[in-house]
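Structure data follow from final-v1.txt (compact mmCIF, C-alpha atoms):
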```txt
# COMPACT_ATOMS: atom_id res chain seq x y z
CA MET Q 1328 22.87 -31.75 -18.69
CA LEU Q 1329 23.54 -28.05 -18.37
CA ASN Q 1330 24.87 -26.52 -21.54
CA GLY Q 1331 28.05 -25.28 -19.86
CA LYS Q 1332 27.69 -21.74 -21.17
CA GLU Q 1333 27.19 -18.65 -19.07
CA ILE Q 1334 23.55 -17.69 -18.57
CA LYS Q 1335 22.94 -14.08 -19.56
CA GLY Q 1336 19.16 -13.90 -19.60
CA ILE Q 1337 16.16 -15.64 -18.05
CA ILE Q 1338 12.68 -16.24 -19.46
CA PHE Q 1339 9.96 -16.81 -16.87
CA ASP Q 1340 6.53 -18.29 -17.27
CA TYR Q 1341 3.86 -16.65 -15.11
CA GLY Q 1342 0.94 -18.89 -14.11
CA GLY Q 1343 2.08 -21.82 -11.98
CA THR Q 1344 5.65 -20.51 -11.91
CA LEU Q 1345 5.56 -17.13 -10.19
CA ASP Q 1346 2.27 -17.55 -8.33
CA THR Q 1347 1.87 -21.17 -7.09
CA ARG Q 1348 5.36 -22.75 -6.68
CA GLY Q 1349 4.67 -25.15 -9.53
CA ASP Q 1350 1.18 -26.33 -8.57
CA HIS Q 1351 -1.22 -26.44 -11.50
CA TRP Q 1352 -3.91 -23.81 -11.06
CA SER Q 1353 -6.62 -26.48 -11.11
CA GLU Q 1354 -5.07 -27.92 -7.94
CA VAL Q 1355 -4.96 -24.52 -6.25
CA LEU Q 1356 -8.61 -23.90 -7.01
CA TRP Q 1357 -9.68 -27.43 -6.07
CA ARG Q 1358 -8.18 -26.93 -2.62
CA CYS Q 1359 -10.17 -23.70 -2.33
CA TYR Q 1360 -13.38 -25.50 -3.36
CA GLN Q 1361 -12.71 -28.12 -0.71
CA ALA Q 1362 -12.00 -25.51 1.94
CA GLU Q 1363 -15.33 -23.84 1.18
CA LYS Q 1364 -17.06 -27.26 1.23
CA VAL Q 1365 -18.58 -26.97 -2.22
CA PRO Q 1366 -20.66 -30.17 -2.73
CA ILE Q 1367 -19.00 -31.51 -5.90
CA THR Q 1368 -16.67 -34.32 -6.88
CA ARG Q 1369 -13.12 -33.81 -8.08
CA LEU Q 1370 -14.09 -35.15 -11.51
CA ALA Q 1371 -16.94 -32.64 -11.80
CA PHE Q 1372 -14.60 -29.83 -10.81
CA ARG Q 1373 -12.04 -30.83 -13.45
CA GLU Q 1374 -14.78 -30.75 -16.09
CA ALA Q 1375 -15.76 -27.28 -14.91
CA TYR Q 1376 -12.15 -26.13 -14.93
CA VAL Q 1377 -11.63 -27.23 -18.54
CA PHE Q 1378 -14.91 -25.57 -19.54
CA GLY Q 1379 -13.83 -22.31 -17.92
CA GLU Q 1380 -10.41 -22.28 -19.57
CA ARG Q 1381 -11.88 -22.95 -23.00
CA ALA Q 1382 -14.48 -20.25 -22.50
CA LEU Q 1383 -11.79 -17.73 -21.53
CA ALA Q 1384 -9.73 -18.67 -24.58
CA HIS Q 1385 -12.58 -18.10 -27.03
CA SER Q 1386 -14.72 -15.32 -25.53
CA PRO Q 1387 -13.82 -11.79 -24.35
CA PHE Q 1388 -14.63 -12.28 -20.66
CA ILE Q 1389 -11.35 -10.65 -19.63
CA SER Q 1390 -10.51 -7.02 -20.32
CA PRO Q 1391 -6.91 -5.71 -20.44
CA SER Q 1392 -7.54 -3.70 -17.25
CA ASP Q 1393 -8.63 -6.70 -15.15
CA ASP Q 1394 -6.23 -7.52 -12.34
CA PHE Q 1395 -5.68 -10.99 -10.87
CA SER Q 1396 -8.52 -10.67 -8.39
CA ASP Q 1397 -10.92 -9.86 -11.24
CA LEU Q 1398 -9.57 -12.75 -13.29
CA LEU Q 1399 -9.99 -15.28 -10.49
CA PHE Q 1400 -13.58 -14.20 -9.87
CA ILE Q 1401 -14.44 -14.60 -13.56
CA LYS Q 1402 -12.75 -18.02 -13.68
CA VAL Q 1403 -14.58 -19.30 -10.61
CA HIS Q 1404 -17.92 -17.88 -11.72
CA LEU Q 1405 -17.60 -19.67 -15.08
CA GLN Q 1406 -16.74 -22.92 -13.31
CA LEU Q 1407 -19.68 -22.66 -10.91
CA THR Q 1408 -22.03 -21.79 -13.75
CA TYR Q 1409 -20.96 -25.01 -15.48
CA LEU Q 1410 -21.49 -26.95 -12.25
CA TYR Q 1411 -24.96 -25.41 -11.90
CA LEU Q 1412 -25.88 -26.44 -15.44
CA HIS Q 1413 -24.38 -29.95 -15.39
CA HIS Q 1414 -23.81 -31.11 -11.80
CA HIS Q 1415 -26.76 -29.79 -9.79
CA VAL Q 1416 -24.96 -27.06 -7.89
CA ARG Q 1417 -27.76 -24.73 -6.81
CA SER Q 1418 -28.00 -21.26 -8.30
CA GLU Q 1419 -27.81 -19.73 -4.83
CA ASP Q 1420 -24.57 -21.66 -4.26
CA VAL Q 1421 -23.05 -20.05 -7.34
CA LEU Q 1422 -23.60 -16.66 -5.74
CA GLN Q 1423 -22.51 -17.93 -2.33
CA TYR Q 1424 -19.23 -19.49 -3.38
CA ASP Q 1425 -17.81 -17.51 -6.30
CA ARG Q 1426 -16.37 -14.57 -4.38
CA LYS Q 1427 -15.31 -16.68 -1.39
CA ILE Q 1428 -13.35 -19.12 -3.54
CA ALA Q 1429 -11.81 -16.36 -5.66
CA GLU Q 1430 -10.72 -14.42 -2.57
CA ARG Q 1431 -9.25 -17.52 -0.94
CA ALA Q 1432 -7.30 -18.29 -4.12
CA PHE Q 1433 -6.12 -14.69 -4.38
CA GLN Q 1434 -4.79 -14.64 -0.82
CA THR Q 1435 -2.96 -17.94 -1.44
CA THR Q 1436 -1.40 -16.46 -4.57
CA ARG Q 1437 -0.44 -13.18 -2.94
CA LYS Q 1438 1.78 -14.95 -0.41
CA VAL Q 1439 3.69 -16.79 -3.14
CA ILE Q 1440 3.97 -13.65 -5.27
CA LEU Q 1441 5.73 -11.85 -2.41
CA GLU Q 1442 8.35 -14.62 -2.36
CA SER Q 1443 8.70 -14.49 -6.15
CA LYS Q 1444 9.06 -10.72 -6.04
CA GLU Q 1445 12.15 -11.00 -3.83
CA VAL Q 1446 13.70 -13.50 -6.26
CA LEU Q 1447 12.92 -11.34 -9.30
CA ASN Q 1448 14.33 -8.27 -7.57
CA LYS Q 1449 17.68 -10.01 -7.04
CA LEU Q 1450 17.82 -11.69 -10.43
CA SER Q 1451 16.92 -8.53 -12.33
CA LYS Q 1452 20.12 -6.93 -11.02
CA MET Q 1453 22.20 -9.76 -12.49
CA TYR Q 1454 20.33 -10.87 -15.63
CA LYS Q 1455 18.01 -9.58 -18.31
CA LEU Q 1456 14.52 -10.95 -17.62
CA VAL Q 1457 11.63 -11.59 -20.02
CA LEU Q 1458 8.17 -13.00 -19.27
CA VAL Q 1459 6.56 -15.43 -21.73
CA SER Q 1460 3.03 -16.45 -20.80
CA ASN Q 1461 -0.13 -18.01 -22.17
CA PHE Q 1462 -2.54 -15.41 -20.83
CA TYR Q 1463 -5.79 -13.62 -21.51
CA GLY Q 1464 -4.71 -10.14 -22.62
CA ASN Q 1465 -4.37 -8.66 -19.12
CA ILE Q 1466 -0.97 -9.89 -17.93
CA GLY Q 1467 0.28 -6.28 -17.81
CA SER Q 1468 -2.46 -5.34 -15.34
CA VAL Q 1469 -1.76 -8.43 -13.24
CA LEU Q 1470 1.96 -7.72 -13.05
CA LYS Q 1471 1.38 -4.03 -12.35
CA ASN Q 1472 -1.03 -4.84 -9.53
CA PHE Q 1473 1.54 -7.14 -7.93
CA HIS Q 1474 4.39 -4.64 -8.56
CA LEU Q 1475 6.25 -7.11 -10.78
CA LEU Q 1476 6.17 -5.25 -14.09
CA CYS Q 1477 9.38 -3.34 -13.39
CA TYR Q 1478 11.50 -6.51 -13.30
CA PHE Q 1479 10.96 -7.54 -16.92
CA ASP Q 1480 12.62 -6.07 -20.00
CA LYS Q 1481 9.81 -7.44 -22.17
CA ILE Q 1482 6.40 -9.08 -21.72
CA ILE Q 1483 5.33 -11.62 -24.35
CA GLU Q 1484 1.71 -12.68 -23.92
CA SER Q 1485 -0.01 -15.27 -26.12
CA ALA Q 1486 -3.24 -13.28 -26.49
CA VAL Q 1487 -1.24 -10.31 -27.79
CA VAL Q 1488 1.34 -11.96 -30.07
CA GLY Q 1489 -1.05 -14.54 -31.52
CA VAL Q 1490 1.02 -17.63 -30.72
CA LYS Q 1491 0.82 -19.77 -27.61
CA LYS Q 1492 2.64 -22.54 -25.84
CA PRO Q 1493 3.64 -25.25 -26.56
CA ASP Q 1494 4.59 -23.64 -29.88
CA PRO Q 1495 8.36 -22.92 -29.58
CA ALA Q 1496 7.79 -19.74 -31.59
CA ILE Q 1497 6.58 -17.89 -28.50
CA PHE Q 1498 9.83 -18.75 -26.70
CA GLN Q 1499 11.76 -17.70 -29.78
CA LEU Q 1500 10.17 -14.28 -29.36
CA GLY Q 1501 11.49 -14.28 -25.80
CA VAL Q 1502 15.00 -15.21 -26.90
CA GLU Q 1503 14.91 -12.44 -29.52
CA ALA Q 1504 13.69 -9.94 -26.92
CA LEU Q 1505 16.72 -10.80 -24.78
CA ASP Q 1506 18.94 -10.35 -27.85
CA LEU Q 1507 20.97 -13.38 -26.81
CA PRO Q 1508 21.86 -16.76 -28.32
CA ALA Q 1509 19.43 -19.41 -27.08
CA ASP Q 1510 22.22 -21.30 -25.30
CA ARG Q 1511 22.76 -18.26 -23.05
CA VAL Q 1512 19.10 -18.25 -21.96
CA LEU Q 1513 17.52 -20.05 -19.00
CA VAL Q 1514 13.78 -20.78 -19.26
CA VAL Q 1515 11.88 -21.28 -15.98
CA GLY Q 1516 8.43 -22.86 -16.08
CA ASP Q 1517 6.04 -25.22 -14.32
CA SER Q 1518 4.99 -27.30 -17.34
CA ILE Q 1519 7.27 -29.82 -19.03
CA THR Q 1520 5.12 -29.99 -22.16
CA LYS Q 1521 4.35 -26.27 -22.47
CA ASP Q 1522 7.57 -24.72 -21.13
CA ILE Q 1523 10.48 -27.13 -20.89
CA LEU Q 1524 10.22 -29.13 -24.11
CA PRO Q 1525 9.61 -26.20 -26.49
CA ALA Q 1526 12.38 -24.16 -24.84
CA LYS Q 1527 14.83 -27.07 -25.08
CA SER Q 1528 14.01 -27.46 -28.76
CA LEU Q 1529 15.47 -23.98 -29.25
CA GLY Q 1530 18.65 -24.80 -27.33
CA CYS Q 1531 17.77 -23.03 -24.07
CA THR Q 1532 18.74 -24.30 -20.62
CA THR Q 1533 15.59 -25.19 -18.67
CA ALA Q 1534 14.50 -25.16 -15.03
CA TRP Q 1535 11.29 -26.95 -14.07
CA ILE Q 1536 9.54 -25.79 -10.92
CA LYS Q 1537 7.87 -29.01 -9.83
CA GLY Q 1538 4.56 -28.95 -8.02
CA VAL Q 1539 1.26 -30.82 -8.27
CA GLU Q 1540 0.62 -31.45 -11.96
CA TRP Q 1541 -2.62 -31.65 -13.93
CA LYS Q 1542 -1.40 -34.98 -15.32
CA GLU Q 1543 1.61 -36.86 -13.97
CA SER Q 1544 4.65 -36.60 -16.22
CA SER Q 1545 6.11 -39.70 -17.85
CA LYS Q 1546 9.56 -41.00 -16.96
CA GLU Q 1547 10.86 -39.68 -20.28
CA GLU Q 1548 9.40 -36.22 -19.65
CA LEU Q 1549 10.95 -36.10 -16.19
CA LEU Q 1550 14.38 -36.38 -17.82
CA ALA Q 1551 13.79 -33.30 -19.99
CA PRO Q 1552 14.54 -30.41 -17.58
CA ASP Q 1553 18.17 -29.46 -17.05
CA ILE Q 1554 17.36 -28.72 -13.43
CA THR Q 1555 14.31 -29.37 -11.23
CA ILE Q 1556 13.44 -27.03 -8.38
CA SER Q 1557 10.68 -26.82 -5.80
CA ARG Q 1558 10.69 -23.05 -5.40
CA LEU Q 1559 12.25 -20.09 -7.19
CA THR Q 1560 14.82 -19.43 -4.48
CA ASP Q 1561 16.52 -22.69 -5.58
CA LEU Q 1562 17.55 -20.91 -8.79
CA PHE Q 1563 20.35 -19.04 -7.02
CA ARG Q 1564 22.12 -22.28 -6.10
CA PHE Q 1565 21.91 -23.68 -9.62
CA LEU Q 1566 22.94 -20.44 -11.29
CA THR Q 1567 25.96 -20.26 -8.99
CA ASN Q 1568 26.88 -23.82 -9.92
CA ILE Q 1569 26.69 -22.99 -13.61
CA GLU Q 1570 28.90 -19.91 -13.17
CA ASN Q 1571 31.43 -21.90 -11.16
CA LYS Q 1572 31.84 -24.31 -14.08
CA GLN Q 1573 32.83 -21.58 -16.51
```

Could you show the structure in this file as structure tokens?
Amino acid sequence: MLNGKEIKGIIFDYGGTLDTRGDHWSEVLWRCYQAEKVPITRLAFREAYVFGERALAHSPFISPSDDFSDLLFIKVHLQLTYLYLHHHVRSEDVLQYDRKIAERAFQTTRKVILESKEVLNKLSKMYKLVLVSNFYGNIGSVLKNFHLLCYFDKIIESAVVGVKKPDPAIFQLGVEALDLPADRVLVVGDSITKDILPAKSLGCTTAWIKGVEWKESSKEELLAPDITISRLTDLFRFLTNIENKQ
């Protein structure tokens, strides 16, 4: 249930929330691999995706100045390198596909970002906004490139603050940045386990943007969000409903 108190500030996740309408990034990239007809199985791709994410978490492939286009190319190149080493993707295919897939994914993202930008523009005039994201140290460059940086009072990035989701401590930093009680804060994210559950443990109201998940949520997990939306524009209706109950 909604907590019945007036929302004064909103914490947004970035990846999967502002750029894909809730679809897990593995699903976005898998569709791009399919569109480019890369000769691999879905299982092999998921292995490569996990390898790439772990490599990015532990090695300095990303620099703070890299924008989202740079990031996507690095991600895809790491995945294709894994597929070359373990699943017989030819070396020439690595060079053939990496930029094509990254560009296709970027163009898909850019369309969603334009929609999210309109929502953030409206919400920033009514609420204090903070971004809390598990990211690679370059979220500032990504937001600046997409002209989103101006909408947030504070950016809290896991690679910078040294704590990452699902640890509730990173959301606590967001609540403190808003300088509000947790029960006056709405947290918007695409992951029940990484966004919704840790935010709820602090007493925040939560909005889950539901898309294609990495792993299907359990029945119990599906009950966790206070509200479930399919796109960010749905937030206006729910926020209005909350205000009308005051």

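Note that the spacing between atom CA of Thr1408 of chain Q and atom CA of Arg1358 of chain Q amounts to 18.5 Å.
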
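Shortest atom-to-atom contact with Val1502 of chain Q among Q:Cys1531, Q:Cys1477, Q:Ala1551, Q:Ala1371: Q:Cys1531, counting all atoms listed in the file.
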
**Q.** Point (8.4, -31.9, -18.6), cut-off 6 Å, counting all atoms listed in the file, residues as number ranges by chain
**A.** Q: 1518-1520, 1523, 1548-1549, 1551

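Atom to atom, atom CA of Val1459 of chain Q and atom CA of Phe1339 of chain Q stand 6.1 Å apart.
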
Q | Point-to-point distance from atom CA of Ile1556 of chain Q to atom CA of Met1453 of chain Q, Å rounded to tenths | A | 19.8 Å

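Considering only C-alpha atoms, the residue among Q:Phe1498, Q:Phe1400, Q:Leu1470, Q:Val1446 positioned nearest to Ile1428 of chain Q is Q:Phe1400.
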
Q: Name all residues at most 12 Å from Gln1361 of chain Q (count all atoms listed in the file; drop same-chain ones fewer than 5 positions away) and give them as a VMD selection string.
A: chain Q and resid 1354 to 1356 1366 to 1369 1372 1424 1427 to 1428 1431 to 1432

Q: Do a neighbour search on Pro1525 of chain Q at 12 Å with all atoms listed in the file, toss out local chain neighbours closer than 2 positions, and write the hits as a list of chain:residue names.
A: Q:Lys1491, Q:Lys1492, Q:Pro1493, Q:Asp1494, Q:Pro1495, Q:Ala1496, Q:Ile1497, Q:Phe1498, Q:Gln1499, Q:Ala1509, Q:Val1514, Q:Val1515, Q:Gly1516, Q:Ser1518, Q:Ile1519, Q:Thr1520, Q:Lys1521, Q:Asp1522, Q:Ile1523, Q:Lys1527, Q:Ser1528, Q:Leu1529, Q:Gly1530, Q:Cys1531, Q:Thr1532, Q:Thr1533, Q:Ala1551, Q:Pro1552

Determine, for each residue of segment 1347-1406 of chain Q having at least one atom at most 12 Å from an atom of segment 1461-1465 of chain Q, the closest pair of atoms and their separation in Å to one decimal, counting only C-alpha atoms; order by chain and ascending number, as JSON lines.
```
{"residue": "Q:Glu1380", "atom": "CA", "partner": "Q:Tyr1463", "partner_atom": "CA", "distance": 10.0}
{"residue": "Q:Arg1381", "atom": "CA", "partner": "Q:Tyr1463", "partner_atom": "CA", "distance": 11.2}
{"residue": "Q:Ala1382", "atom": "CA", "partner": "Q:Tyr1463", "partner_atom": "CA", "distance": 11.0}
{"residue": "Q:Leu1383", "atom": "CA", "partner": "Q:Tyr1463", "partner_atom": "CA", "distance": 7.3}
{"residue": "Q:Ala1384", "atom": "CA", "partner": "Q:Tyr1463", "partner_atom": "CA", "distance": 7.1}
{"residue": "Q:His1385", "atom": "CA", "partner": "Q:Tyr1463", "partner_atom": "CA", "distance": 9.8}
{"residue": "Q:Ser1386", "atom": "CA", "partner": "Q:Tyr1463", "partner_atom": "CA", "distance": 9.9}
{"residue": "Q:Pro1387", "atom": "CA", "partner": "Q:Tyr1463", "partner_atom": "CA", "distance": 8.7}
{"residue": "Q:Phe1388", "atom": "CA", "partner": "Q:Tyr1463", "partner_atom": "CA", "distance": 9.0}
{"residue": "Q:Ile1389", "atom": "CA", "partner": "Q:Tyr1463", "partner_atom": "CA", "distance": 6.6}
{"residue": "Q:Ser1390", "atom": "CA", "partner": "Q:Asn1465", "partner_atom": "CA", "distance": 6.5}
{"residue": "Q:Pro1391", "atom": "CA", "partner": "Q:Asn1465", "partner_atom": "CA", "distance": 4.1}
{"residue": "Q:Ser1392", "atom": "CA", "partner": "Q:Asn1465", "partner_atom": "CA", "distance": 6.2}
{"residue": "Q:Asp1393", "atom": "CA", "partner": "Q:Asn1465", "partner_atom": "CA", "distance": 6.1}
{"residue": "Q:Asp1394", "atom": "CA", "partner": "Q:Asn1465", "partner_atom": "CA", "distance": 7.1}
{"residue": "Q:Phe1395", "atom": "CA", "partner": "Q:Asn1465", "partner_atom": "CA", "distance": 8.7}
{"residue": "Q:Ser1396", "atom": "CA", "partner": "Q:Asn1465", "partner_atom": "CA", "distance": 11.7}
{"residue": "Q:Asp1397", "atom": "CA", "partner": "Q:Asn1465", "partner_atom": "CA", "distance": 10.3}
{"residue": "Q:Leu1398", "atom": "CA", "partner": "Q:Asn1465", "partner_atom": "CA", "distance": 8.8}
{"residue": "Q:Leu1399", "atom": "CA", "partner": "Q:Tyr1463", "partner_atom": "CA", "distance": 11.9}
{"residue": "Q:Ile1401", "atom": "CA", "partner": "Q:Tyr1463", "partner_atom": "CA", "distance": 11.8}
{"residue": "Q:Lys1402", "atom": "CA", "partner": "Q:Tyr1463", "partner_atom": "CA", "distance": 11.4}
```

Q.
Which residues are close to Arg1348 of chain Q, i.e. within 9 Å by all atoms listed in the file, leaving aside same-chain residues fewer than 3 positions away? Reply as a list in words.
A. Gly1343, Thr1344, Leu1345, His1351, Val1439, Ser1443, Asp1517, Ile1536, Lys1537, Gly1538, Ser1557, Arg1558 and Leu1559 of chain Q
